[in-house]
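Have a look at model.cif; it's mmCIF, C-alpha atoms, pLDDT in the B column; chains and numbers go by the auth columns:
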data_start
loop_
_atom_site.group_PDB
_atom_site.id
_atom_site.type_symbol
_atom_site.label_atom_id
_atom_site.label_comp_id
_atom_site.label_asym_id
_atom_site.label_seq_id
_atom_site.Cartn_x
_atom_site.Cartn_y
_atom_site.Cartn_z
_atom_site.B_iso_or_equiv
_atom_site.auth_seq_id
_atom_site.auth_asym_id
ATOM 1 C CA MET A 1 27.602 7.517 10.556 45.00 1 O
ATOM 2 C CA ARG A 2 25.585 10.684 9.818 51.00 2 O
ATOM 3 C CA SER A 3 24.913 9.396 6.301 51.00 3 O
ATOM 4 C CA ALA A 4 23.614 6.107 7.700 43.00 4 O
ATOM 5 C CA ALA A 5 21.326 7.993 10.086 48.00 5 O
ATOM 6 C CA ALA A 6 19.985 10.134 7.242 52.00 6 O
ATOM 7 C CA LEU A 7 19.362 7.038 5.135 48.00 7 O
ATOM 8 C CA LEU A 8 17.570 5.375 8.042 43.00 8 O
ATOM 9 C CA ALA A 9 15.378 8.469 8.400 51.00 9 O
ATOM 10 C CA LEU A 10 14.641 8.317 4.670 50.00 10 O
ATOM 11 C CA LEU A 11 13.677 4.649 4.976 48.00 11 O
ATOM 12 C CA VAL A 12 11.280 5.480 7.805 48.00 12 O
ATOM 13 C CA ILE A 13 9.656 8.036 5.525 48.00 13 O
ATOM 14 C CA VAL A 14 9.360 5.467 2.721 48.00 14 O
ATOM 15 C CA ILE A 15 7.465 3.092 5.009 43.00 15 O
ATOM 16 C CA PRO A 16 4.713 5.187 6.641 46.00 16 O
ATOM 17 C CA SER A 17 1.567 3.636 8.058 40.00 17 O
ATOM 18 C CA HIS A 18 -1.371 3.076 5.719 40.00 18 O
ATOM 19 C CA ALA A 19 -3.358 5.813 7.436 42.00 19 O
ATOM 20 C CA ALA A 20 -0.562 8.350 6.964 42.00 20 O
ATOM 21 C CA VAL A 21 -0.727 8.544 3.180 45.00 21 O
ATOM 22 C CA ALA A 22 -4.515 8.749 3.275 48.00 22 O
ATOM 23 C CA ASP A 23 -4.109 12.108 5.032 64.00 23 O
ATOM 24 C CA GLN A 24 -3.059 14.624 2.370 71.00 24 O
ATOM 25 C CA SER A 25 -1.306 16.925 4.840 77.00 25 O
ATOM 26 C CA VAL A 26 0.868 14.026 6.006 86.00 26 O
ATOM 27 C CA GLU A 27 1.544 13.071 2.381 87.00 27 O
ATOM 28 C CA LYS A 28 2.743 16.627 1.684 88.00 28 O
ATOM 29 C CA LYS A 29 5.029 16.567 4.720 89.00 29 O
ATOM 30 C CA VAL A 30 6.464 13.217 3.630 92.00 30 O
ATOM 31 C CA LYS A 31 7.120 14.564 0.126 92.00 31 O
ATOM 32 C CA ALA A 32 8.706 17.715 1.572 93.00 32 O
ATOM 33 C CA ALA A 33 10.997 15.543 3.716 94.00 33 O
ATOM 34 C CA PHE A 34 11.939 13.472 0.671 95.00 34 O
ATOM 35 C CA LEU A 35 12.667 16.611 -1.330 95.00 35 O
ATOM 36 C CA TYR A 36 15.012 17.921 1.338 94.00 36 O
ATOM 37 C CA LYS A 37 16.699 14.529 1.895 96.00 37 O
ATOM 38 C CA PHE A 38 17.231 13.934 -1.842 97.00 38 O
ATOM 39 C CA GLY A 39 19.819 16.728 -1.780 96.00 39 O
ATOM 40 C CA SER A 40 22.127 14.754 0.493 96.00 40 O
ATOM 41 C CA TYR A 41 22.192 11.830 -1.941 97.00 41 O
ATOM 42 C CA VAL A 42 23.011 13.779 -5.101 98.00 42 O
ATOM 43 C CA GLU A 43 26.359 15.230 -6.148 97.00 43 O
ATOM 44 C CA TRP A 44 26.387 18.567 -7.973 96.00 44 O
ATOM 45 C CA PRO A 45 29.412 19.798 -9.934 94.00 45 O
ATOM 46 C CA SER A 46 31.356 22.408 -7.955 88.00 46 O
ATOM 47 C CA ALA A 47 30.555 24.955 -10.685 90.00 47 O
ATOM 48 C CA SER A 48 26.889 24.731 -9.569 91.00 48 O
ATOM 49 C CA PHE A 49 27.754 27.058 -6.680 91.00 49 O
ATOM 50 C CA ALA A 50 29.273 30.520 -7.023 90.00 50 O
ATOM 51 C CA SER A 51 31.148 30.022 -3.735 90.00 51 O
ATOM 52 C CA ALA A 52 31.369 27.746 -0.708 87.00 52 O
ATOM 53 C CA GLU A 53 28.889 30.039 1.065 89.00 53 O
ATOM 54 C CA SER A 54 26.347 30.118 -1.773 94.00 54 O
ATOM 55 C CA PRO A 55 22.890 28.895 -0.821 96.00 55 O
ATOM 56 C CA PHE A 56 21.460 25.575 -1.919 96.00 56 O
ATOM 57 C CA GLY A 57 18.281 26.489 -3.802 95.00 57 O
ATOM 58 C CA LEU A 58 15.237 24.315 -3.170 95.00 58 O
ATOM 59 C CA CYS A 59 12.705 25.725 -5.620 93.00 59 O
ATOM 60 C CA VAL A 60 8.997 24.992 -5.668 93.00 60 O
ATOM 61 C CA LEU A 61 7.032 25.633 -8.858 91.00 61 O
ATOM 62 C CA ASP A 62 3.267 25.803 -8.350 82.00 62 O
ATOM 63 C CA GLY A 63 3.402 24.200 -4.930 77.00 63 O
ATOM 64 C CA ASP A 64 0.555 24.686 -2.514 84.00 64 O
ATOM 65 C CA ALA A 65 0.924 26.615 0.737 86.00 65 O
ATOM 66 C CA ASP A 66 0.853 23.485 2.945 86.00 66 O
ATOM 67 C CA PHE A 67 3.691 21.845 1.036 89.00 67 O
ATOM 68 C CA THR A 68 5.823 24.982 0.842 91.00 68 O
ATOM 69 C CA GLY A 69 5.212 25.769 4.518 90.00 69 O
ATOM 70 C CA ALA A 70 6.207 22.254 5.581 90.00 70 O
ATOM 71 C CA LEU A 71 9.358 22.468 3.459 94.00 71 O
ATOM 72 C CA LYS A 72 10.361 25.884 4.829 94.00 72 O
ATOM 73 C CA THR A 73 9.896 24.681 8.410 93.00 73 O
ATOM 74 C CA MET A 74 11.863 21.512 7.734 93.00 74 O
ATOM 75 C CA VAL A 75 14.906 23.204 6.183 95.00 75 O
ATOM 76 C CA GLN A 76 15.160 26.167 8.529 93.00 76 O
ATOM 77 C CA SER A 77 18.851 26.498 9.513 93.00 77 O
ATOM 78 C CA GLU A 78 19.729 23.318 7.573 95.00 78 O
ATOM 79 C CA HIS A 79 22.589 22.743 5.132 96.00 79 O
ATOM 80 C CA ILE A 80 23.074 20.434 2.161 96.00 80 O
ATOM 81 C CA HIS A 81 26.689 19.668 1.266 94.00 81 O
ATOM 82 C CA GLY A 82 27.733 22.596 3.488 94.00 82 O
ATOM 83 C CA HIS A 83 25.440 25.113 1.770 96.00 83 O
ATOM 84 C CA PRO A 84 22.601 26.841 3.645 96.00 84 O
ATOM 85 C CA VAL A 85 19.232 25.760 2.250 97.00 85 O
ATOM 86 C CA VAL A 86 16.942 28.432 0.833 96.00 86 O
ATOM 87 C CA VAL A 87 13.394 27.711 -0.356 95.00 87 O
ATOM 88 C CA ARG A 88 12.319 29.722 -3.399 92.00 88 O
ATOM 89 C CA GLU A 89 8.737 29.835 -4.633 90.00 89 O
ATOM 90 C CA LEU A 90 8.390 30.093 -8.410 87.00 90 O
ATOM 91 C CA HIS A 91 5.242 30.842 -10.363 80.00 91 O
ATOM 92 C CA ALA A 92 6.758 30.271 -13.813 77.00 92 O
ATOM 93 C CA ALA A 93 9.557 28.143 -15.206 72.00 93 O
ATOM 94 C CA ALA A 94 12.871 29.936 -15.541 68.00 94 O
ATOM 95 C CA SER A 95 16.096 28.764 -17.120 62.00 95 O
ATOM 96 C CA GLU A 96 18.307 30.304 -14.417 63.00 96 O
ATOM 97 C CA PRO A 97 16.243 30.260 -11.224 65.00 97 O
ATOM 98 C CA GLU A 98 19.227 29.551 -8.920 87.00 98 O
ATOM 99 C CA CYS A 99 17.730 26.171 -8.132 93.00 99 O
ATOM 100 C CA HIS A 100 19.588 23.002 -7.303 96.00 100 O
ATOM 101 C CA ILE A 101 16.371 21.072 -6.784 96.00 101 O
ATOM 102 C CA LEU A 102 13.249 22.093 -8.685 95.00 102 O
ATOM 103 C CA TYR A 103 10.018 20.602 -7.356 94.00 103 O
ATOM 104 C CA LEU A 104 7.177 20.631 -9.870 92.00 104 O
ATOM 105 C CA GLY A 105 4.100 20.772 -7.681 86.00 105 O
ATOM 106 C CA THR A 106 1.715 21.049 -10.585 79.00 106 O
ATOM 107 C CA SER A 107 -0.380 18.141 -11.799 76.00 107 O
ATOM 108 C CA ASP A 108 -0.403 19.642 -15.308 80.00 108 O
ATOM 109 C CA PRO A 109 2.053 17.555 -17.366 83.00 109 O
ATOM 110 C CA GLN A 110 2.482 20.362 -19.927 86.00 110 O
ATOM 111 C CA VAL A 111 3.594 22.864 -17.274 86.00 111 O
ATOM 112 C CA SER A 112 5.990 20.250 -15.845 86.00 112 O
ATOM 113 C CA ALA A 113 7.395 19.491 -19.305 89.00 113 O
ATOM 114 C CA GLU A 114 8.022 23.196 -19.968 89.00 114 O
ATOM 115 C CA ALA A 115 9.803 23.616 -16.623 90.00 115 O
ATOM 116 C CA ILE A 116 11.940 20.524 -17.230 91.00 116 O
ATOM 117 C CA LYS A 117 12.857 21.842 -20.692 91.00 117 O
ATOM 118 C CA ALA A 118 13.841 25.210 -19.169 89.00 118 O
ATOM 119 C CA VAL A 119 16.485 23.567 -16.935 91.00 119 O
ATOM 120 C CA GLU A 120 17.533 20.794 -19.323 90.00 120 O
ATOM 121 C CA GLY A 121 21.305 20.322 -19.342 90.00 121 O
ATOM 122 C CA LYS A 122 21.727 22.485 -16.256 91.00 122 O
ATOM 123 C CA ASN A 123 22.770 21.153 -12.860 94.00 123 O
ATOM 124 C CA VAL A 124 19.189 20.935 -11.558 95.00 124 O
ATOM 125 C CA LEU A 125 17.508 17.924 -9.980 97.00 125 O
ATOM 126 C CA THR A 126 13.881 17.982 -11.129 96.00 126 O
ATOM 127 C CA VAL A 127 11.288 16.297 -8.912 96.00 127 O
ATOM 128 C CA SER A 128 7.783 15.887 -10.280 93.00 128 O
ATOM 129 C CA GLU A 129 4.314 14.848 -9.235 88.00 129 O
ATOM 130 C CA ASN A 130 3.779 13.493 -12.763 84.00 130 O
ATOM 131 C CA SER A 131 4.858 9.940 -13.466 81.00 131 O
ATOM 132 C CA GLY A 132 7.718 9.716 -15.929 82.00 132 O
ATOM 133 C CA GLN A 133 8.529 13.429 -15.761 90.00 133 O
ATOM 134 C CA GLY A 134 11.581 14.807 -14.070 93.00 134 O
ATOM 135 C CA ILE A 135 14.650 13.070 -12.758 97.00 135 O
ATOM 136 C CA ILE A 136 12.655 11.901 -9.756 97.00 136 O
ATOM 137 C CA SER A 137 8.902 11.400 -9.892 95.00 137 O
ATOM 138 C CA PHE A 138 6.698 10.726 -6.901 94.00 138 O
ATOM 139 C CA LEU A 139 4.059 8.013 -6.880 92.00 139 O
ATOM 140 C CA ILE A 140 1.830 6.312 -4.354 89.00 140 O
ATOM 141 C CA ALA A 141 2.464 2.551 -4.223 87.00 141 O
ATOM 142 C CA ASP A 142 0.884 0.268 -1.632 86.00 142 O
ATOM 143 C CA ASN A 143 -0.498 3.385 0.061 86.00 143 O
ATOM 144 C CA ARG A 144 3.026 4.779 0.550 90.00 144 O
ATOM 145 C CA VAL A 145 4.858 7.725 -0.947 92.00 145 O
ATOM 146 C CA ARG A 146 7.515 6.261 -3.229 95.00 146 O
ATOM 147 C CA PHE A 147 9.493 7.489 -6.211 96.00 147 O
ATOM 148 C CA ASN A 148 11.028 6.546 -9.543 96.00 148 O
ATOM 149 C CA ILE A 149 14.432 7.829 -10.674 97.00 149 O
ATOM 150 C CA ASN A 150 15.653 8.585 -14.183 96.00 150 O
ATOM 151 C CA ASP A 151 19.409 8.339 -13.630 97.00 151 O
ATOM 152 C CA LYS A 152 20.034 8.921 -17.335 96.00 152 O
ATOM 153 C CA ALA A 153 18.320 12.332 -17.087 95.00 153 O
ATOM 154 C CA ALA A 154 20.412 13.038 -13.965 97.00 154 O
ATOM 155 C CA ALA A 155 23.578 12.308 -15.951 96.00 155 O
ATOM 156 C CA ASP A 156 22.354 14.596 -18.739 94.00 156 O
ATOM 157 C CA ASN A 157 22.090 17.367 -16.129 94.00 157 O
ATOM 158 C CA GLY A 158 25.576 16.636 -14.770 95.00 158 O
ATOM 159 C CA LEU A 159 24.319 15.071 -11.537 97.00 159 O
ATOM 160 C CA VAL A 160 25.376 11.870 -9.785 97.00 160 O
ATOM 161 C CA ILE A 161 22.769 10.099 -7.666 97.00 161 O
ATOM 162 C CA SER A 162 24.005 7.916 -4.809 97.00 162 O
ATOM 163 C CA SER A 163 23.488 4.176 -5.184 96.00 163 O
ATOM 164 C CA LYS A 164 21.793 4.279 -1.760 97.00 164 O
ATOM 165 C CA LEU A 165 19.042 6.497 -3.156 97.00 165 O
ATOM 166 C CA LEU A 166 18.820 4.507 -6.395 97.00 166 O
ATOM 167 C CA ASP A 167 18.271 1.349 -4.321 96.00 167 O
ATOM 168 C CA LEU A 168 15.217 2.933 -2.643 95.00 168 O
ATOM 169 C CA ALA A 169 13.482 3.798 -5.927 96.00 169 O
ATOM 170 C CA VAL A 170 10.611 1.693 -7.253 95.00 170 O
ATOM 171 C CA ASN A 171 11.994 1.911 -10.809 95.00 171 O
ATOM 172 C CA VAL A 172 15.292 3.283 -12.087 95.00 172 O
ATOM 173 C CA THR A 173 16.136 4.255 -15.648 93.00 173 O
ATOM 174 C CA ARG A 174 19.845 3.539 -15.606 93.00 174 O
ATOM 175 C CA ARG A 175 22.464 5.670 -17.344 87.00 175 O
ATOM 176 C CA ASN A 176 23.309 2.905 -19.797 80.00 176 O
ATOM 177 C CA GLN A 177 20.263 0.646 -19.880 61.00 177 O
ATOM 178 C CA GLY A 178 16.447 0.517 -19.783 49.00 178 O
ATOM 179 C CA VAL A 179 14.057 0.589 -16.841 46.00 179 O
ATOM 180 C CA GLY A 180 14.815 -1.916 -14.095 48.00 180 O
ATOM 181 C CA GLN A 181 14.022 -2.680 -10.506 45.00 181 O
#

Turn this file's structure into structure tokens for me.
Amino acid sequence: MRSAAALLALLVIVIPSHAAVADQSVEKKVKAAFLYKFGSYVEWPSASFASAESPFGLCVLDGDADFTGALKTMVQSEHIHGHPVVVRELHAAASEPECHILYLGTSDPQVSAEAIKAVEGKNVLTVSENSGQGIISFLIADNRVRFNINDKAAADNGLVISSKLLDLAVNVTRRNQGVGQ
């Protein structure tokens, strides 16, 4: 029941009013909500956490203050898969940043590519502002915040994305096939 409620909340975020996306601060809050909610629809290997009490790292690389502030407010006292959520701000890509989700807030595709390379093969869900980069990439479609998912890249990082989340994506690169709807 809780999973259905979370999915319903995610659907509400996917379908904001046309005016909402036009306002950049609302767009940032919507993306922050997506980022947090993505964690509930992805399975990480148990080895991704040192212990049952280890924090769930939501890392932001080159994010702006509005986005990071919205994310910190949203996840205060929250848990993902039983782990307390901690937001970490990064100013450079690191191969072991204790991140479970790495948000690439930069619009520079080279910086995003370097960060993705740094965590390649590790149990990190990368979320990018640049189309085609990262496991999940944000886009604006029909004046709404939407996203694409590269499930093959998720598999390469040892992650399993829920079919519920895959169904919400605009495009999905499947584990064993090309891009599809």

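Distance-wise, CA of Lys152 (chain O) and CA of Val75 (chain O) end up 28.0 Å apart.
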
By how many Å are CA of Val170 (chain O) and CA of Asp151 (chain O) apart?
->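 Straight-line distance from CA of Val170 (chain O) to CA of Asp151 (chain O) works out to 12.7 Å.
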
Which of these, O:Ile116, O:Asn143, O:Val42, O:Tyr103, has the shortest distance to Glu129 (chain O) once you count all atoms listed in the file?
->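 The closest residue to Glu129 (chain O) is O:Tyr103.
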
Mind pulling up the distance from CA of Ala92 (chain O) to CA of Leu165 (chain O)?
->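 Separation between CA of Leu165 (chain O) and CA of Ala92 (chain O): 28.8 Å.
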
Reference answer for the PyMOL selection byres ((chain O and resi 51-56) around 7), as a ChimeraX atom specification | /O:49-50,57-58,80,83-86,100

Hey, what comes out of the PyMOL selection byres ((chain O and resi 135) around 12) on this file? Could you write it as an MDAnalysis selection string?
-> chainID O and resid 38 42 101:104 112:113 116:117 119:121 123:134 136:138 147:161 166 169 171:175

Nearest to Lys72 (chain O) by atom-to-atom distance, counting only C-alpha atoms, from O:Leu168, O:Ala115, O:Cys99, O:Ala33 |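 Smallest distance to Lys72 (chain O) is found for O:Ala33.
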
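Distance check against Lys28 (chain O) using all atoms listed in the file: of O:Glu89, O:Gly63, O:Lys122, O:Val111, the minimum falls on O:Gly63.
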
Starting from the shown file, work through the PyMOL selection byres ((chain O and resi 32) around 9) and note down what comes out as an MDAnalysis selection string.
-> chainID O and resid 27:31 33:37 67:68 70:72 74

Rank nothing, just name the residue among O:Gly105, O:Glu98, O:His81, O:Val26 nearest to Tyr41 (chain O), using all atoms listed in the file.
->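 With all atoms listed in the file as the atom set, the closest residue is O:His81.
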
Have region 96-128 of chain O completed to N, CA and C atoms, please, and pass it along as a compact mmCIF listing (two decimals), keeping the file's coordinate frame.
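Written out: out-v9.txt:
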# COMPACT_ATOMS: atom_id res chain seq x y z
N GLU O 96 17.25 30.04 -15.41
CA GLU O 96 18.31 30.30 -14.42
C GLU O 96 17.70 30.72 -13.07
N PRO O 97 16.92 29.86 -12.46
CA PRO O 97 16.24 30.26 -11.22
C PRO O 97 17.07 30.09 -9.95
N GLU O 98 18.38 29.81 -10.08
CA GLU O 98 19.23 29.55 -8.92
C GLU O 98 18.67 28.41 -8.08
N CYS O 99 18.28 27.36 -8.78
CA CYS O 99 17.73 26.17 -8.13
C CYS O 99 18.70 25.01 -8.29
N HIS O 100 18.84 24.26 -7.23
CA HIS O 100 19.59 23.00 -7.30
C HIS O 100 18.60 21.84 -7.38
N ILE O 101 17.49 22.01 -6.68
CA ILE O 101 16.37 21.07 -6.78
C ILE O 101 15.16 21.89 -7.19
N LEU O 102 14.46 21.44 -8.23
CA LEU O 102 13.25 22.09 -8.68
C LEU O 102 12.10 21.11 -8.53
N TYR O 103 11.20 21.42 -7.59
CA TYR O 103 10.02 20.60 -7.36
C TYR O 103 8.88 21.14 -8.19
N LEU O 104 8.29 20.26 -9.00
CA LEU O 104 7.18 20.63 -9.87
C LEU O 104 5.89 20.19 -9.20
N GLY O 105 5.28 21.09 -8.46
CA GLY O 105 4.10 20.77 -7.68
C GLY O 105 2.81 20.75 -8.47
N THR O 106 2.90 21.02 -9.74
CA THR O 106 1.72 21.05 -10.58
C THR O 106 1.34 19.65 -11.06
N SER O 107 0.06 19.42 -11.24
CA SER O 107 -0.38 18.14 -11.80
C SER O 107 -0.54 18.24 -13.31
N ASP O 108 -0.29 19.43 -13.86
CA ASP O 108 -0.40 19.64 -15.31
C ASP O 108 0.89 19.18 -15.98
N PRO O 109 0.84 18.07 -16.75
CA PRO O 109 2.05 17.56 -17.37
C PRO O 109 2.70 18.52 -18.36
N GLN O 110 1.92 19.40 -18.98
CA GLN O 110 2.48 20.36 -19.93
C GLN O 110 3.33 21.40 -19.20
N VAL O 111 2.84 21.89 -18.07
CA VAL O 111 3.59 22.86 -17.27
C VAL O 111 4.89 22.22 -16.77
N SER O 112 4.79 20.97 -16.30
CA SER O 112 5.99 20.25 -15.84
C SER O 112 6.99 20.09 -16.98
N ALA O 113 6.51 19.70 -18.15
CA ALA O 113 7.40 19.49 -19.30
C ALA O 113 8.12 20.78 -19.68
N GLU O 114 7.40 21.90 -19.65
CA GLU O 114 8.02 23.20 -19.97
C GLU O 114 9.10 23.56 -18.95
N ALA O 115 8.83 23.31 -17.68
CA ALA O 115 9.80 23.62 -16.62
C ALA O 115 11.04 22.73 -16.75
N ILE O 116 10.82 21.45 -17.05
CA ILE O 116 11.94 20.52 -17.23
C ILE O 116 12.79 20.97 -18.42
N LYS O 117 12.15 21.37 -19.49
CA LYS O 117 12.86 21.84 -20.69
C LYS O 117 13.69 23.09 -20.37
N ALA O 118 13.15 23.97 -19.52
CA ALA O 118 13.84 25.21 -19.17
C ALA O 118 15.16 24.96 -18.43
N VAL O 119 15.27 23.85 -17.70
CA VAL O 119 16.48 23.57 -16.93
C VAL O 119 17.27 22.38 -17.51
N GLU O 120 16.86 21.92 -18.68
CA GLU O 120 17.53 20.79 -19.32
C GLU O 120 19.01 21.10 -19.55
N GLY O 121 19.87 20.16 -19.17
CA GLY O 121 21.30 20.32 -19.34
C GLY O 121 21.96 21.17 -18.26
N LYS O 122 21.18 21.70 -17.36
CA LYS O 122 21.73 22.48 -16.26
C LYS O 122 21.83 21.57 -15.03
N ASN O 123 22.55 21.98 -14.05
CA ASN O 123 22.77 21.15 -12.86
C ASN O 123 21.60 21.27 -11.90
N VAL O 124 20.41 20.84 -12.35
CA VAL O 124 19.19 20.94 -11.56
C VAL O 124 18.54 19.56 -11.45
N LEU O 125 18.25 19.16 -10.23
CA LEU O 125 17.51 17.92 -9.98
C LEU O 125 16.03 18.27 -10.03
N THR O 126 15.31 17.72 -11.02
CA THR O 126 13.88 17.98 -11.13
C THR O 126 13.11 16.86 -10.45
N VAL O 127 12.12 17.25 -9.64
CA VAL O 127 11.29 16.30 -8.91
C VAL O 127 9.84 16.64 -9.25
N SER O 128 9.11 15.63 -9.75
CA SER O 128 7.78 15.89 -10.28
C SER O 128 6.71 15.05 -9.62
